[in-house]
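Chemist: What follows is a single structure, and I will ask about it in a moment.
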Amino acid sequence: MSAKCPTLVCMITGESARIKHLLRRAAFGYRSSDWARYASLGEAGVLKTLVDYDSIPMKITDLPLDDMGGLVAPNDVDSLKRYWLFRFCQSSRPLEEVMTMFWHHHFATSDYKVQNPSIEYRQNQLLRKHAMGSFRDLLGVIAIDPAMLIWLDGNNSTKKAPNENFSRELLELFTMGIDGGYTEHDVKEGAKSFTGWSYDSDRFQVKFNDKNFNDTPKEYLGQKGDFNLGTTLDIVARHPSTPRFVTKKLFEFFVHDNPPPEEIDRLCKVYYDTRYSIRELVRAILTSPHFYSDEALYSQIKWPVQYTVMLVKTLDVPYTWIQDMQSYADNMGQQLYNPPNVKGWKTGRNWINTNTMTARLNFAKHAVDQLRYRQLVKQRVTDGLAMAHLKADASFRTAETAIEDVWEWLLPSMPLTPDTRQMLKDYMHTGAPKKPTESYYWDRAHGLVELILTCPEYQLA
Amino acid sequence: MSDQTRREFLHNGMTFVAMGIGMPALFMEAAQARTSNVLSAINHPAVGSDKILVLVEFAGGNDGLNTVIPHMDPAYQKLRPRIGIRKSDVVQIDNKLGLHPRLKPLMELYEKGHMSVVTGVGYPNPNYSHFESMDIWQLADPAHQLKERVGWIARYFNEDGHLKTNPLSGLTLSGNMPLAFASEDIAASVYTQGQEDPFTSTNKDREYQARLAARRALYTKGTVANSHLDFIRKVGQHAYTNTAEIRTALANYDRMANKAARYPQYNEFASSMESVAKLILGGLSTRVYYVSVGGFDTHANQPYQHGALLGVIAESIVAFFRDLESQGRDKDVVLMSFSEFGRRAEENDSAGTDHGTASVMFVMGGAVKGGVHGLYPSLTDLKDGDLKFTTDFRRVYANVLDGWLGANSEKVLGGKYEPVGLV
């Protein structure tokens, strides 16, 4: 489905608008206090600091694991969700978390079957570690990841009866795609190559058992040989359908739903030229002219995690003030660690239904309320407008300027339609004295911010 | 309460709630002016409340062979030496077939003639991908002939002016919108219990009511057709109007006596079925309800998992029909179960089964013709180790569309299908 703004003309003009677009997509937003640093880095500098994050000190520590492989933190999935959202909000390497989520969506593994938060967290760490590395390496580690071995039944696969589950989803969803040109025969042959590996839940170890490995000669994707897990993954990673499928998914995630064929050709070349480097693919996508095109700007419906994290960062709400942030994301249709099935989440318009919209609106209200109860709204608006180079005090002298400036802070480059402007004005004026003062309008600031954060436009990124 | 008075009551009740109880007059005007099309949307009559369809999705691929078991066939135990159901445990429904022992509660419906079993259901050129095959069932389109991905239930809604414009024509209680409901017209919604209403409140604070009125207005004025924004706006508007209607239906239900059904506790499927019963009995205008239950992808350790699932499903469905029967409504509801595919005839070495083809469907309710319909596929004449289907699932759909919902199945399905004789 095309995701353009056909008559609302969204246009990216100027470097700061481009940086804000980049931060919405690749960092899930930013705090007003971070803006000065981003602005001084310039577009190229921001891209570099986002993509080449390895040199940036990481302030958040991993949850500790004890010797037995169990989490020292409460061993329940909700605590893992909370912790991951905390990382999203606090990390000094925001793209690392975004890419970890992308791979969680791609290699979707779900708690409802695995039922072992400790190894689910281990998978999360694994995805984070390899998020920007070589795609072939990522395949190698995920194929024998304990949660994956349980999730797609590698654990139950035997020499005599290789289980097809992982072999099928590897080709259909992880690498070549359903139309990638593989057959049922390839699924069956691949399954043989993956035998022998299992997770020993008593010893908390993944092990390879020679005796359980199907060592017969195999025929896989047109090649014949004594393949094992490694050589099979080599063949899949090299197959031309794999970069086509994976780069298309990355492009759609970061840019828009209509990747031009020549752009995919270009990205496939990057894939081979850089020995399957995910980091270079992401860099190529985020520097592509398509990324900054009018077709891309505000063309995406925010993922629930993106909506919640961006809102928390924008308002600079301390994470601990938000109660059960994960339960809001759950209600919006994105349960981290628990994607609906191995295909991951259905995105785009699938995020939006009566139930998820209700959850989105309630979350925004909850977040603004945290500031309102503590009388921090004026401070946050002042910071936000200062960041956007708009003068806060001047803004609140009239309803019109307050609306325009808060809109520009929260939805930069998004057109404010006459209808929307009028509705917000009606709110600002309801019950107003004949000559409203600046302080009267400031009393409405929380409502104005809440209305903009709950309006249809704010659902887009 | 007669149907007529119930409808009138609903109609008035909904309007009352939608206008906002205790809203100050000044804001009433603003809210009225800005939400006039919201109110007109809410005024549709409760057309769907007579004949109702409840779709139950068995997600993951239900093993038909261990659900309705050909226990007299010697080939069955040969194919299923480890996970086969013992002949002595099968709940016999005729001299050839029997139910999985955990489905025993369903005999209450079967013996009354309120349950039919369709065997060997599938489609040509089976697809072994969960997602592709589920799409085929949801779109009723095995040959990929549709130009647009509009679900089969949505196509039925689109044929009827009232259903097409009511966002509650289809309602799912399982989180995500199923593809069967998907359409640009959005005649379907998703509901879960317990969320706060972000559009209305009994709080009389003037600023707060002004904020709510503005939010309703922001979701009422659509701008750009076919844009994401327009879509989001419409759905937000539906969230507002639905909440009022659902609140009314639940209040109606709360006033009823004889609520004697015993649903299994602490189970998502059971509580979804209970919610469906409440909404039906409360008179919600929904024509098709959708509930999904997962866990059928039994590649390994099938016996325990499959049995537990079937057990809770059977108990929930029986409770559901008892609930409806207590209010004399069990003849107004048909429940139909389906799954994206069955499983391979031969068990695998992990005490499970891999993706297969033909499976079984259940069609239940006071108005159905009970018994076994369709030929059970041969267990010896397999194709690549899979059962050959004997009944195209579109025949079942066609039967339900024509015989139950009073629709024109030929239009909805794009072809003529011989009815199965279920309703």
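Letters A, B, ... go to the chains of the structure tokens in the order shown; residues in each chain start at 1; ligands are counted from 1 in the same order.
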Using only C-alpha atoms, which protein or nucleic acid residues come within 10 Å of Leu361 in chain A? Drop anything in the same chain fewer than 6 positions from it, and give the result as number ranges by chain.
Modeler: A: 328, 332, 450-451, 453-456, 459; B: 196-199, 215, 236
Chemist: Take the selection from the previous step and output its residues with C-alpha atoms, as a compact mmCIF listing (two decimals), in the first residue's frame.
Modeler:
# COMPACT_ATOMS: atom_id res chain seq x y z
CA TYR A 328 1.02 -0.13 26.97
CA MET A 332 -0.61 -1.39 21.12
CA GLU A 450 -1.46 16.02 24.96
CA LEU A 451 -3.78 16.75 22.03
CA LEU A 453 0.67 13.73 20.93
CA THR A 454 -2.67 11.95 20.57
CA CYS A 455 -3.63 13.34 17.16
CA PRO A 456 -3.60 11.24 13.98
CA GLN A 459 1.04 8.32 14.79
CA GLU B 196 -9.68 3.30 29.61
CA ASP B 197 -11.83 5.30 27.17
CA PRO B 198 -9.72 8.17 25.80
CA PHE B 199 -12.69 9.95 24.19
CA ARG B 215 -9.78 14.97 20.57
CA GLY B 236 -9.86 6.44 16.02
Chemist: Excluding range 223-237 of chain A and its own-chain neighbours fewer than 3 positions away, which residues fall within 8 Å of it when counting only C-alpha atoms? Please give them as an mmCIF file with N, CA and C atoms, in the first residue's frame.
Modeler:
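What ended up in out-v7.cif:
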data_model
loop_
_atom_site.group_PDB
_atom_site.id
_atom_site.type_symbol
_atom_site.label_atom_id
_atom_site.label_comp_id
_atom_site.auth_asym_id
_atom_site.auth_seq_id
_atom_site.Cartn_x
_atom_site.Cartn_y
_atom_site.Cartn_z
ATOM 1 N N PHE A 135 25.999 -10.623 8.097
ATOM 2 C CA PHE A 135 24.729 -11.346 8.105
ATOM 3 C C PHE A 135 24.972 -12.853 8.186
ATOM 4 N N ARG A 136 26.040 -13.317 7.563
ATOM 5 C CA ARG A 136 26.370 -14.743 7.617
ATOM 6 C C ARG A 136 26.673 -15.161 9.068
ATOM 7 N N LEU A 139 23.475 -15.396 10.998
ATOM 8 C CA LEU A 139 22.781 -16.665 10.718
ATOM 9 C C LEU A 139 23.415 -17.801 11.509
ATOM 10 N N GLY A 140 24.740 -17.792 11.559
ATOM 11 C CA GLY A 140 25.463 -18.868 12.242
ATOM 12 C C GLY A 140 25.137 -18.931 13.719
ATOM 13 N N LEU A 171 14.546 -20.489 5.103
ATOM 14 C CA LEU A 171 14.434 -20.091 3.696
ATOM 15 C C LEU A 171 13.264 -19.136 3.472
ATOM 16 N N THR A 175 15.878 -15.741 5.086
ATOM 17 C CA THR A 175 16.885 -15.480 4.044
ATOM 18 C C THR A 175 16.302 -15.236 2.643
ATOM 19 N N MET A 176 15.730 -16.251 2.017
ATOM 20 C CA MET A 176 15.402 -16.123 0.592
ATOM 21 C C MET A 176 14.014 -15.568 0.317
ATOM 22 N N GLY A 190 17.849 -29.451 3.742
ATOM 23 C CA GLY A 190 18.430 -28.517 4.718
ATOM 24 C C GLY A 190 18.258 -29.041 6.127
ATOM 25 N N SER A 193 21.010 -31.113 7.358
ATOM 26 C CA SER A 193 22.262 -30.415 7.707
ATOM 27 C C SER A 193 22.229 -29.839 9.113
ATOM 28 N N PHE A 194 21.035 -29.562 9.600
ATOM 29 C CA PHE A 194 20.935 -28.896 10.907
ATOM 30 C C PHE A 194 20.813 -29.883 12.062
ATOM 31 N N ASP A 215 24.744 -37.515 8.314
ATOM 32 C CA ASP A 215 25.931 -37.225 7.502
ATOM 33 C C ASP A 215 25.824 -37.733 6.071
ATOM 34 N N THR A 216 24.600 -38.002 5.626
ATOM 35 C CA THR A 216 24.452 -38.466 4.243
ATOM 36 C C THR A 216 24.724 -37.309 3.277
ATOM 37 N N PRO A 217 25.132 -37.640 2.033
ATOM 38 C CA PRO A 217 25.325 -36.586 1.027
ATOM 39 C C PRO A 217 23.998 -35.869 0.760
ATOM 40 N N LYS A 218 24.065 -34.565 0.552
ATOM 41 C CA LYS A 218 22.835 -33.786 0.402
ATOM 42 C C LYS A 218 22.833 -33.000 -0.901
ATOM 43 N N GLU A 219 21.636 -32.639 -1.289
ATOM 44 C CA GLU A 219 21.457 -31.786 -2.463
ATOM 45 C C GLU A 219 20.698 -30.556 -2.000
ATOM 46 N N TYR A 220 21.344 -29.391 -2.105
ATOM 47 C CA TYR A 220 20.728 -28.206 -1.506
ATOM 48 C C TYR A 220 20.848 -27.021 -2.448
ATOM 49 N N THR A 242 18.831 -14.093 -1.215
ATOM 50 C CA THR A 242 18.954 -13.668 0.189
ATOM 51 C C THR A 242 19.153 -12.158 0.330
ATOM 52 N N PRO A 243 20.159 -11.560 -0.339
ATOM 53 C CA PRO A 243 20.255 -10.096 -0.194
ATOM 54 C C PRO A 243 19.035 -9.358 -0.751
#
Chemist: For chain A, list the residues within 6 Å of chain B, counting only C-alpha atoms, and write the list as an mmCIF file with C-alpha atoms, in the first residue's frame.
Modeler:
data_model
loop_
_atom_site.group_PDB
_atom_site.id
_atom_site.type_symbol
_atom_site.label_atom_id
_atom_site.label_comp_id
_atom_site.auth_asym_id
_atom_site.auth_seq_id
_atom_site.Cartn_x
_atom_site.Cartn_y
_atom_site.Cartn_z
ATOM 1 C CA ASN A 156 13.771 -32.381 18.651
ATOM 2 C CA ALA A 161 13.947 -37.826 11.255
ATOM 3 C CA ASN A 353 -7.143 -0.905 15.015
ATOM 4 C CA THR A 354 -9.703 0.342 17.517
ATOM 5 C CA ASN A 355 -7.947 -1.421 20.349
ATOM 6 C CA MET A 423 -9.847 22.456 16.647
ATOM 7 C CA TYR A 427 -9.661 23.947 22.900
ATOM 8 C CA PRO A 456 -3.600 11.240 13.979
#
Chemist: Name the residues of range 44-238 of chain B that fall into strand (DSSP E or B) according to DSSP on the backbone, using the chain letters and numbers of this document, as a short mmCIF file (atom, residue, chain, number, x, y, z; two decimals) with N, CA and C atoms, in the first residue's frame.
Modeler:
data_model
loop_
_atom_site.label_atom_id
_atom_site.label_comp_id
_atom_site.auth_asym_id
_atom_site.auth_seq_id
_atom_site.Cartn_x
_atom_site.Cartn_y
_atom_site.Cartn_z
N ILE B 52 -25.89 -14.82 13.63
CA ILE B 52 -24.50 -14.46 13.96
C ILE B 52 -23.57 -15.62 13.66
N LEU B 53 -22.39 -15.28 13.15
CA LEU B 53 -21.37 -16.28 12.87
C LEU B 53 -20.18 -16.02 13.80
N VAL B 54 -19.69 -17.07 14.44
CA VAL B 54 -18.48 -16.95 15.25
C VAL B 54 -17.40 -17.82 14.61
N LEU B 55 -16.33 -17.17 14.15
CA LEU B 55 -15.23 -17.91 13.54
C LEU B 55 -14.17 -18.19 14.60
N VAL B 56 -13.75 -19.44 14.67
CA VAL B 56 -12.69 -19.79 15.61
C VAL B 56 -11.50 -20.32 14.81
N GLU B 57 -10.40 -19.60 14.90
CA GLU B 57 -9.19 -19.97 14.17
C GLU B 57 -8.31 -20.85 15.05
N PHE B 58 -7.99 -22.05 14.58
CA PHE B 58 -7.00 -22.90 15.25
C PHE B 58 -5.65 -22.59 14.60
N ALA B 59 -4.89 -21.70 15.20
CA ALA B 59 -3.68 -21.21 14.54
C ALA B 59 -2.50 -22.14 14.72
N VAL B 68 -10.39 -35.72 14.70
CA VAL B 68 -11.47 -36.65 14.36
C VAL B 68 -10.78 -37.89 13.79
N ILE B 69 -10.84 -38.96 14.56
CA ILE B 69 -9.94 -40.09 14.34
C ILE B 69 -10.62 -41.27 13.63
N VAL B 91 -13.55 -41.15 21.44
CA VAL B 91 -14.98 -40.93 21.72
C VAL B 91 -15.73 -41.14 20.41
N GLN B 92 -16.38 -42.32 20.31
CA GLN B 92 -16.97 -42.68 19.02
C GLN B 92 -18.15 -41.79 18.66
N GLY B 98 -14.17 -41.15 15.45
CA GLY B 98 -14.35 -40.77 16.84
C GLY B 98 -13.57 -39.50 17.13
N LEU B 99 -13.95 -38.82 18.22
CA LEU B 99 -13.27 -37.59 18.60
C LEU B 99 -12.09 -37.89 19.51
N MET B 115 -24.02 -30.25 16.25
CA MET B 115 -22.61 -30.17 15.88
C MET B 115 -22.35 -30.99 14.63
N SER B 116 -21.76 -30.35 13.63
CA SER B 116 -21.39 -31.13 12.46
C SER B 116 -19.88 -31.10 12.27
N VAL B 117 -19.39 -32.20 11.72
CA VAL B 117 -17.97 -32.39 11.52
C VAL B 117 -17.77 -32.51 10.01
N VAL B 118 -16.94 -31.64 9.45
CA VAL B 118 -16.64 -31.77 8.02
C VAL B 118 -15.22 -32.32 7.91
N THR B 119 -15.09 -33.45 7.23
CA THR B 119 -13.79 -34.10 7.17
C THR B 119 -13.12 -33.90 5.81
N GLY B 120 -11.83 -34.03 5.80
CA GLY B 120 -11.07 -33.96 4.54
C GLY B 120 -11.11 -32.60 3.88
N VAL B 121 -11.15 -31.53 4.69
CA VAL B 121 -11.28 -30.19 4.11
C VAL B 121 -9.91 -29.64 3.71
N GLY B 122 -9.85 -29.09 2.52
CA GLY B 122 -8.59 -28.53 2.04
C GLY B 122 -8.83 -27.76 0.75
N GLY B 170 -17.80 -6.69 12.00
CA GLY B 170 -16.89 -7.76 12.39
C GLY B 170 -16.17 -7.34 13.66
N LEU B 171 -16.00 -8.27 14.56
CA LEU B 171 -15.30 -7.92 15.80
C LEU B 171 -14.41 -9.08 16.20
N THR B 172 -13.11 -8.77 16.39
CA THR B 172 -12.24 -9.84 16.86
C THR B 172 -11.85 -9.58 18.30
N ALA B 188 -14.79 -3.55 10.49
CA ALA B 188 -14.48 -4.47 11.58
C ALA B 188 -13.59 -3.80 12.61
N SER B 189 -13.64 -4.32 13.83
CA SER B 189 -12.91 -3.72 14.94
C SER B 189 -12.26 -4.79 15.80
N VAL B 190 -11.41 -4.32 16.70
CA VAL B 190 -10.75 -5.21 17.65
C VAL B 190 -11.14 -4.75 19.04
#
Chemist: Taking the backbone alone, and naming residues the way the document does, which bits of range 92-297 of chain B are alpha helix (DSSP H) by DSSP, as a ChimeraX atom specification?
Modeler: /B:107-111,130-139,152-158,161-165,206-218,228-254,268-281
Chemist: Using only C-alpha atoms, which of A:Ser157, A:Asn124, A:Ser277, A:Thr401 sits nearest Val141 in chain A?
Modeler: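 Under the stated criterion, the closest residue is A:Asn124.
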